[in-house]
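Have a look at the structure below, then the notes.
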Amino acid sequence: MAENECGCSCSCGSSDCSEGCVSNSAPTKVYACAGASNVGAISFELSKALHLANKYEMGCSTCIGAGDCGCGGTVTEAGNKDLLIDGCKVACLRKMFEKKGITNFNHVIVTQLGIRKEGVFDFPPEVIPELMDKMSKKGL
């Protein structure tokens, strides 16, 4: 997909970077689960935190599912891969990427990092830096 005037490669058509997608200089992307639970919310906030720390550039999972973007499946010359963060073992995000033929990525499941899935959106704010630390120790 060609870059739009704003410099991103999505099809939003924005000509004004202030209206376009967020970006940074990270070489690979992070995608979040959209689950309706605490671990879905954690997945999104963890992805945002990784983006804001310039470790990954946040990508749009919904765009991948819709098949509307030419993004996903990035592997850099240094061997760094995009990161998918699923909330639970159902791994909907991973399954969606695989159905789209995108298979070369790193994958994390929030519940496998010690968080119990609950039918709420709230979670303690200290969870995000704790998970970032766990992921860093795993080389992600």
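Numbering starts fresh at 1 for the residues of each chain in the structure tokens, the chains themselves are lettered A, B, ... in the order given, and ligands are numbered from 1 as they appear.
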>> Residues near stretch 75-90 of chain A, anyone? I mean within 12 Å using only C-alpha atoms, not counting same-chain ones fewer than 6 positions away, as a VMD selection string.
In response: chain A and resid 26 to 48 50 to 51 55 to 61 64 96 to 98 102 to 118 121 131 to 132 135 139 to 140
> Can you list every residue in stretch 9-136 of chain A that DSSP puts in strand (DSSP E), as an MDAnalysis selection string?
Replying inline: chainID A and resid 29:32 57:58 83:86 106:109
Write the selection just made, keeping N, CA and C atoms, as an mmCIF file, in the first residue's frame?
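In the end it all went to out_8.cif:
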```
data_model
loop_
_atom_site.group_PDB
_atom_site.id
_atom_site.type_symbol
_atom_site.label_atom_id
_atom_site.label_comp_id
_atom_site.auth_asym_id
_atom_site.auth_seq_id
_atom_site.Cartn_x
_atom_site.Cartn_y
_atom_site.Cartn_z
ATOM 1 N N LYS A 29 6.088 -3.403 14.617
ATOM 2 C CA LYS A 29 4.786 -3.003 15.179
ATOM 3 C C LYS A 29 4.342 -3.935 16.299
ATOM 4 N N VAL A 30 3.449 -3.399 17.130
ATOM 5 C CA VAL A 30 2.776 -4.177 18.169
ATOM 6 C C VAL A 30 1.280 -4.077 17.913
ATOM 7 N N TYR A 31 0.590 -5.212 18.071
ATOM 8 C CA TYR A 31 -0.854 -5.287 17.859
ATOM 9 C C TYR A 31 -1.504 -5.825 19.125
ATOM 10 N N ALA A 32 -2.671 -5.290 19.459
ATOM 11 C CA ALA A 32 -3.360 -5.638 20.698
ATOM 12 C C ALA A 32 -4.628 -6.432 20.445
ATOM 13 N N GLU A 57 6.012 0.235 17.206
ATOM 14 C CA GLU A 57 5.016 1.185 16.721
ATOM 15 C C GLU A 57 3.671 0.475 16.770
ATOM 16 N N MET A 58 2.681 1.104 17.372
ATOM 17 C CA MET A 58 1.383 0.458 17.503
ATOM 18 C C MET A 58 0.697 0.355 16.154
ATOM 19 N N LEU A 83 5.042 -7.783 17.130
ATOM 20 C CA LEU A 83 4.592 -8.431 18.355
ATOM 21 C C LEU A 83 3.074 -8.414 18.430
ATOM 22 N N LEU A 84 2.483 -9.572 18.685
ATOM 23 C CA LEU A 84 1.049 -9.676 18.921
ATOM 24 C C LEU A 84 0.845 -9.927 20.406
ATOM 25 N N ILE A 85 -0.063 -9.167 21.024
ATOM 26 C CA ILE A 85 -0.378 -9.358 22.437
ATOM 27 C C ILE A 85 -1.829 -9.782 22.554
ATOM 28 N N ASP A 86 -2.034 -11.061 22.821
ATOM 29 C CA ASP A 86 -3.370 -11.598 23.066
ATOM 30 C C ASP A 86 -3.643 -11.542 24.557
ATOM 31 N N ASN A 106 6.328 -12.347 16.870
ATOM 32 C CA ASN A 106 6.428 -12.776 18.264
ATOM 33 C C ASN A 106 5.031 -12.695 18.853
ATOM 34 N N HIS A 107 4.764 -13.521 19.861
ATOM 35 C CA HIS A 107 3.415 -13.601 20.411
ATOM 36 C C HIS A 107 3.476 -13.717 21.933
ATOM 37 N N VAL A 108 2.660 -12.918 22.598
ATOM 38 C CA VAL A 108 2.561 -12.924 24.056
ATOM 39 C C VAL A 108 1.097 -13.063 24.437
ATOM 40 N N ILE A 109 0.837 -13.833 25.485
ATOM 41 C CA ILE A 109 -0.516 -13.968 26.019
ATOM 42 C C ILE A 109 -0.493 -13.451 27.458
#
```
> What is the distance, in Å and to one decimal place, between atom CA of A:Asp68 and atom CA of A:Ser25?
Replying inline: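 That distance, rounded to one decimal, is 22.6 Å.
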